[in-house]
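What follows is a short report on a single structure.
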Amino acid sequence: MKSDKNRSNCKIFLATAIFGFLLSLQSFTQATITETVKSEAKISSDGTLIFNNRSFNTQIKTWKNDYVELQMNVKLEGKQEDINKTLQVIKSIKCTGSPQVVTINTNFLESCDCGDTKHRLKLSNGEKVTLKSYSVENVLFIPATISIKIDNKYSDIVMDDIAGKADLIIYSSKLYCGSIGGFTNFDLKYSKAFLKKISETVMKLYDSDVEMQSCGNLDLRAKYSKLQIEIAGDVTFDSYDDDLKVGKLGKINGKAKYSDFDFGPSANLTFDFYDCNLKMGETGNVKGQGKYSEIVGKKALRLTLNNSFDDSYTFDELDSFDCLDSKYSNFNVGLINQGLSIISYDDIIMVDNFSDTFTGIKFEAKYSDFIFSIPDNIACRLVVEMKYGKVDYPETQFVNKTFIKENELFKIEALTKNSSENTTNKIELKGYDSKVVIKNR
């Protein structure tokens, strides 16, 4: 009888052990789940959505409903226990706030140590799990009229057109964005953005690339970045080692170091450049200063330089040119319609032609070369005072010539044939060891 009782106890013990083993085995068995977790909240037509996202690609789609809805498409692979813990935290993500301001934070991780076959995760509730793999893709549905604030890292965002304002902080991500109707603030770092039509915007870029079809007025702060825009309004910039290309734009006002610019037609330009290159289309007035820079332009109205140091300026046509102080620079102009005034040191200045509306030249220089042509029919006075220099001019075009030489200083006064004693337009050449060549057109 004892033997039968012992056998019965053994059977019970064995069954219990097997059951425990199966339970234990279940906790170590790899499983895969795919689930869509949803959350929604009412929002006003003029409300604001605050969306914080880390590491998960997101599509932002517009609809006509009066609420926002987040769909998180989740795929988890690992031990069932760890899957359940992770899924529980993901399901705790909710759309919170009031209809005027709704907040969504999709981040359920504090940290992640990812290897080839294991992902050790610390969840936002402090628990630690290990998954073989995991992925989350977000789909966010919003009314098109609302404004949106996005803080996004390490993931891509694709966004439909919206009518409201946008405040976008994008880090190490890609942004594919439709049109934005309201004022937009961009802050991009190590990112790429592809944008359609944007209204007035402030854009801060660091080591980022942006392509945009069009925008309104733009206030740009950039470093190590590349920006391409087909059409823009007025542009203000502070640039460092950037590459900026704008097809057509309004007023331009900016300062830059080590940057390259390619601008199409514009309203006008104000600049402060250090070691920059600018290629530009037709514009209005150009005003600024440069050092070690090159500007190539087509037609402009008045070019005014406060100072130039080792620069190069090339224009097809100017109405007038004024430079308060220049050293070691080159100037090449196809046509100047009115006048030129420059204080020059060791420069090369070449003007192919002055037009019939010529108003005069004032040249004060040391060690500089100045070569230009004047029309046969203009009325002007030639006044020269030069030391250790040389002035060549077409003597047959001038009358009433006076030449005075005192040691190395020489003076010339003359009138063009169409001039009189009452002629006020002057070619004033004053220099030291400089060379001037005046040619007939």
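Letters A, B, ... go to the chains of the structure tokens in the order shown; residues in each chain start at 1; ligands are counted from 1 in the same order.
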
Long-range neighbours of Gly164 of chain A as JSON, numbers by chain, 9 Å cut-off, only C-alpha atoms, 2 positions minimum in chain: {"A": [46, 47, 48, 144, 145, 146, 147, 148, 162, 166, 180, 181, 182, 183, 184]}

Selection file, N, CA and C atoms, as a CSV table (one decimal), in the first residue's frame:
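Contents of the output file selection_34.csv:
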chain,number,residue,atom,x,y,z
A,46,ASP,N,-9.0,76.0,-35.1
A,46,ASP,CA,-7.9,76.9,-35.0
A,46,ASP,C,-6.9,76.5,-33.9
A,47,GLY,N,-7.0,75.3,-33.4
A,47,GLY,CA,-6.2,74.8,-32.3
A,47,GLY,C,-4.8,74.5,-32.7
A,48,THR,N,-4.0,74.0,-31.7
A,48,THR,CA,-2.6,73.7,-32.0
A,48,THR,C,-2.3,72.3,-31.5
A,144,ALA,N,-6.9,70.1,-41.4
A,144,ALA,CA,-6.0,70.9,-42.2
A,144,ALA,C,-5.9,72.3,-41.7
A,145,THR,N,-6.8,72.8,-40.9
A,145,THR,CA,-6.8,74.2,-40.5
A,145,THR,C,-6.0,74.5,-39.3
A,146,ILE,N,-5.5,73.5,-38.6
A,146,ILE,CA,-4.9,73.7,-37.3
A,146,ILE,C,-3.4,74.1,-37.5
A,147,SER,N,-2.8,74.6,-36.4
A,147,SER,CA,-1.4,74.8,-36.4
A,147,SER,C,-0.7,73.6,-35.7
A,148,ILE,N,0.6,73.5,-36.0
A,148,ILE,CA,1.3,72.3,-35.5
A,148,ILE,C,2.7,72.7,-35.0
A,162,ILE,N,-1.1,72.1,-44.7
A,162,ILE,CA,-1.9,72.6,-43.6
A,162,ILE,C,-2.1,74.1,-43.8
A,166,ALA,N,3.2,76.7,-38.3
A,166,ALA,CA,4.0,75.5,-38.0
A,166,ALA,C,5.3,75.9,-37.3
A,180,ILE,N,2.4,75.1,-46.3
A,180,ILE,CA,2.1,75.6,-44.9
A,180,ILE,C,1.6,77.0,-45.1
A,181,GLY,N,0.3,77.3,-44.7
A,181,GLY,CA,-0.3,78.6,-44.9
A,181,GLY,C,0.1,79.7,-44.0
A,182,GLY,N,0.4,79.3,-42.7
A,182,GLY,CA,0.7,80.3,-41.7
A,182,GLY,C,2.2,80.5,-41.5
A,183,PHE,N,2.6,81.4,-40.6
A,183,PHE,CA,4.0,81.6,-40.3
A,183,PHE,C,4.6,80.3,-39.9
A,184,THR,N,5.9,80.1,-40.4
A,184,THR,CA,6.6,78.9,-40.1
A,184,THR,C,7.9,79.1,-39.5

Write out, as a tab-separated table, each residue of segment 303-354 of chain A that has an atom at most 8 Å from segment 288-299 of chain A, together with the closest pair of atoms and their distance in Å to one decimal, counting only C-alpha atoms, rows going by chain and rising number.
residue	atom	partner	partner_atom	distance
A:Thr304	CA	A:Gly288	CA	6.6
A:Leu305	CA	A:Gly288	CA	5.1
A:Asn306	CA	A:Gln289	CA	5.5
A:Asn307	CA	A:Gln289	CA	5.1
A:Ser308	CA	A:Gly290	CA	5.1
A:Phe309	CA	A:Lys291	CA	4.7
A:Asp310	CA	A:Tyr292	CA	5.0
A:Asp311	CA	A:Ser293	CA	4.8
A:Ser312	CA	A:Glu294	CA	4.6
A:Tyr313	CA	A:Ile295	CA	4.9
A:Thr314	CA	A:Val296	CA	4.7
A:Phe315	CA	A:Gly297	CA	4.7
A:Asp316	CA	A:Lys298	CA	4.8
A:Glu317	CA	A:Lys299	CA	4.6
A:Leu318	CA	A:Lys299	CA	6.0

Write to file, as an mmCIF file, in the first residue's frame, the residues of the selection just made, with N, CA and C atoms.
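The result, written out as result_7.cif:
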data_model
loop_
_atom_site.group_PDB
_atom_site.id
_atom_site.type_symbol
_atom_site.label_atom_id
_atom_site.label_comp_id
_atom_site.auth_asym_id
_atom_site.auth_seq_id
_atom_site.Cartn_x
_atom_site.Cartn_y
_atom_site.Cartn_z
ATOM 1 N N THR A 304 27.294 100.635 -54.351
ATOM 2 C CA THR A 304 27.951 101.444 -53.322
ATOM 3 C C THR A 304 28.695 100.512 -52.376
ATOM 4 N N LEU A 305 30.010 100.723 -52.262
ATOM 5 C CA LEU A 305 30.833 99.900 -51.383
ATOM 6 C C LEU A 305 31.435 100.768 -50.290
ATOM 7 N N ASN A 306 31.193 100.378 -49.039
ATOM 8 C CA ASN A 306 31.842 101.071 -47.930
ATOM 9 C C ASN A 306 33.333 100.782 -47.922
ATOM 10 N N ASN A 307 33.687 99.522 -48.106
ATOM 11 C CA ASN A 307 35.089 99.166 -48.284
ATOM 12 C C ASN A 307 35.187 97.818 -48.984
ATOM 13 N N SER A 308 36.313 97.644 -49.639
ATOM 14 C CA SER A 308 36.591 96.405 -50.357
ATOM 15 C C SER A 308 38.053 96.051 -50.139
ATOM 16 N N PHE A 309 38.325 94.779 -49.813
ATOM 17 C CA PHE A 309 39.688 94.343 -49.562
ATOM 18 C C PHE A 309 39.912 93.015 -50.284
ATOM 19 N N ASP A 310 40.752 93.050 -51.288
ATOM 20 C CA ASP A 310 41.095 91.838 -52.049
ATOM 21 C C ASP A 310 39.841 91.142 -52.576
ATOM 22 N N ASP A 311 38.934 91.932 -53.150
ATOM 23 C CA ASP A 311 37.691 91.411 -53.727
ATOM 24 C C ASP A 311 37.748 91.449 -55.255
ATOM 25 N N SER A 312 36.737 90.852 -55.852
ATOM 26 C CA SER A 312 36.554 90.934 -57.301
ATOM 27 C C SER A 312 35.074 91.191 -57.584
ATOM 28 N N TYR A 313 34.816 92.257 -58.374
ATOM 29 C CA TYR A 313 33.442 92.622 -58.742
ATOM 30 C C TYR A 313 33.339 92.686 -60.258
ATOM 31 N N THR A 314 32.349 91.985 -60.788
ATOM 32 C CA THR A 314 32.103 92.006 -62.231
ATOM 33 C C THR A 314 30.623 92.232 -62.468
ATOM 34 N N PHE A 315 30.298 93.286 -63.245
ATOM 35 C CA PHE A 315 28.910 93.587 -63.597
ATOM 36 C C PHE A 315 28.821 93.897 -65.084
ATOM 37 N N ASP A 316 27.731 93.455 -65.698
ATOM 38 C CA ASP A 316 27.484 93.818 -67.101
ATOM 39 C C ASP A 316 27.149 95.297 -67.230
ATOM 40 N N GLU A 317 26.315 95.794 -66.311
ATOM 41 C CA GLU A 317 25.872 97.189 -66.417
ATOM 42 C C GLU A 317 25.524 97.750 -65.038
ATOM 43 N N LEU A 318 25.934 99.015 -64.813
ATOM 44 C CA LEU A 318 25.589 99.744 -63.602
ATOM 45 C C LEU A 318 25.119 101.134 -63.985
#

For the strand (DSSP E or B) assignment from backbone DSSP, which residues of segment 203-267 of chain A qualify? Please present them as a VMD selection string. chain A and resid 203 to 206 209 to 215 218 to 223 226 to 231 235 to 240 243 to 248 251 to 257 260 to 263

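Between atom CA of Thr62 of chain A and atom CA of Gly178 of chain A lies a distance of 11.0 Å.
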
Can you work out which one of A:Ala232, A:Ile374, A:Ala365, A:Leu175 has the shortest atom-to-atom distance to Tyr432 of chain A, counting only C-alpha atoms? A:Ala365

Report, in Å to a single decimal, how far apart atom CA of Ser266 of chain A and atom CA of Tyr328 of chain A are.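 So the answer is 28.4 Å.
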
Determine, using only C-alpha atoms, which residues of segment 66-116 of chain A have any atom at most 8 Å from an atom of segment 124-128 of chain A, and tabulate each with its shortest atom pair and distance in Å to one decimal place, rows ordered by chain and then rising number, as CSV.
residue,atom,partner,partner_atom,distance
A:Val89,CA,A:Asn125,CA,7.4
A:Asn107,CA,A:Ser124,CA,7.8
A:Phe108,CA,A:Ser124,CA,5.0
A:Leu109,CA,A:Ser124,CA,4.9
A:Glu110,CA,A:Ser124,CA,5.2

How about saving the chosen residues, N, CA and C atoms kept, as a PDB file, in the first residue's frame?
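Heads up, here's the output in again13.pdb:
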ATOM      1  N   VAL A  89       3.162  49.692 -22.264  1.00  0.00           N
ATOM      2  CA  VAL A  89       3.640  51.073 -22.221  1.00  0.00           C
ATOM      3  C   VAL A  89       3.198  51.836 -23.468  1.00  0.00           C
ATOM      4  N   ASN A 107       7.126  58.879 -27.505  1.00  0.00           N
ATOM      5  CA  ASN A 107       8.328  58.230 -27.002  1.00  0.00           C
ATOM      6  C   ASN A 107       8.021  57.347 -25.792  1.00  0.00           C
ATOM      7  N   PHE A 108       8.240  56.044 -25.925  1.00  0.00           N
ATOM      8  CA  PHE A 108       8.017  55.121 -24.808  1.00  0.00           C
ATOM      9  C   PHE A 108       9.331  54.518 -24.312  1.00  0.00           C
ATOM     10  N   LEU A 109      10.474  55.049 -24.793  1.00  0.00           N
ATOM     11  CA  LEU A 109      11.770  54.517 -24.423  1.00  0.00           C
ATOM     12  C   LEU A 109      12.602  55.561 -23.691  1.00  0.00           C
ATOM     13  N   GLU A 110      13.281  55.116 -22.632  1.00  0.00           N
ATOM     14  CA  GLU A 110      14.285  55.969 -22.005  1.00  0.00           C
ATOM     15  C   GLU A 110      15.647  55.770 -22.652  1.00  0.00           C
TER      16      GLU A 110
END
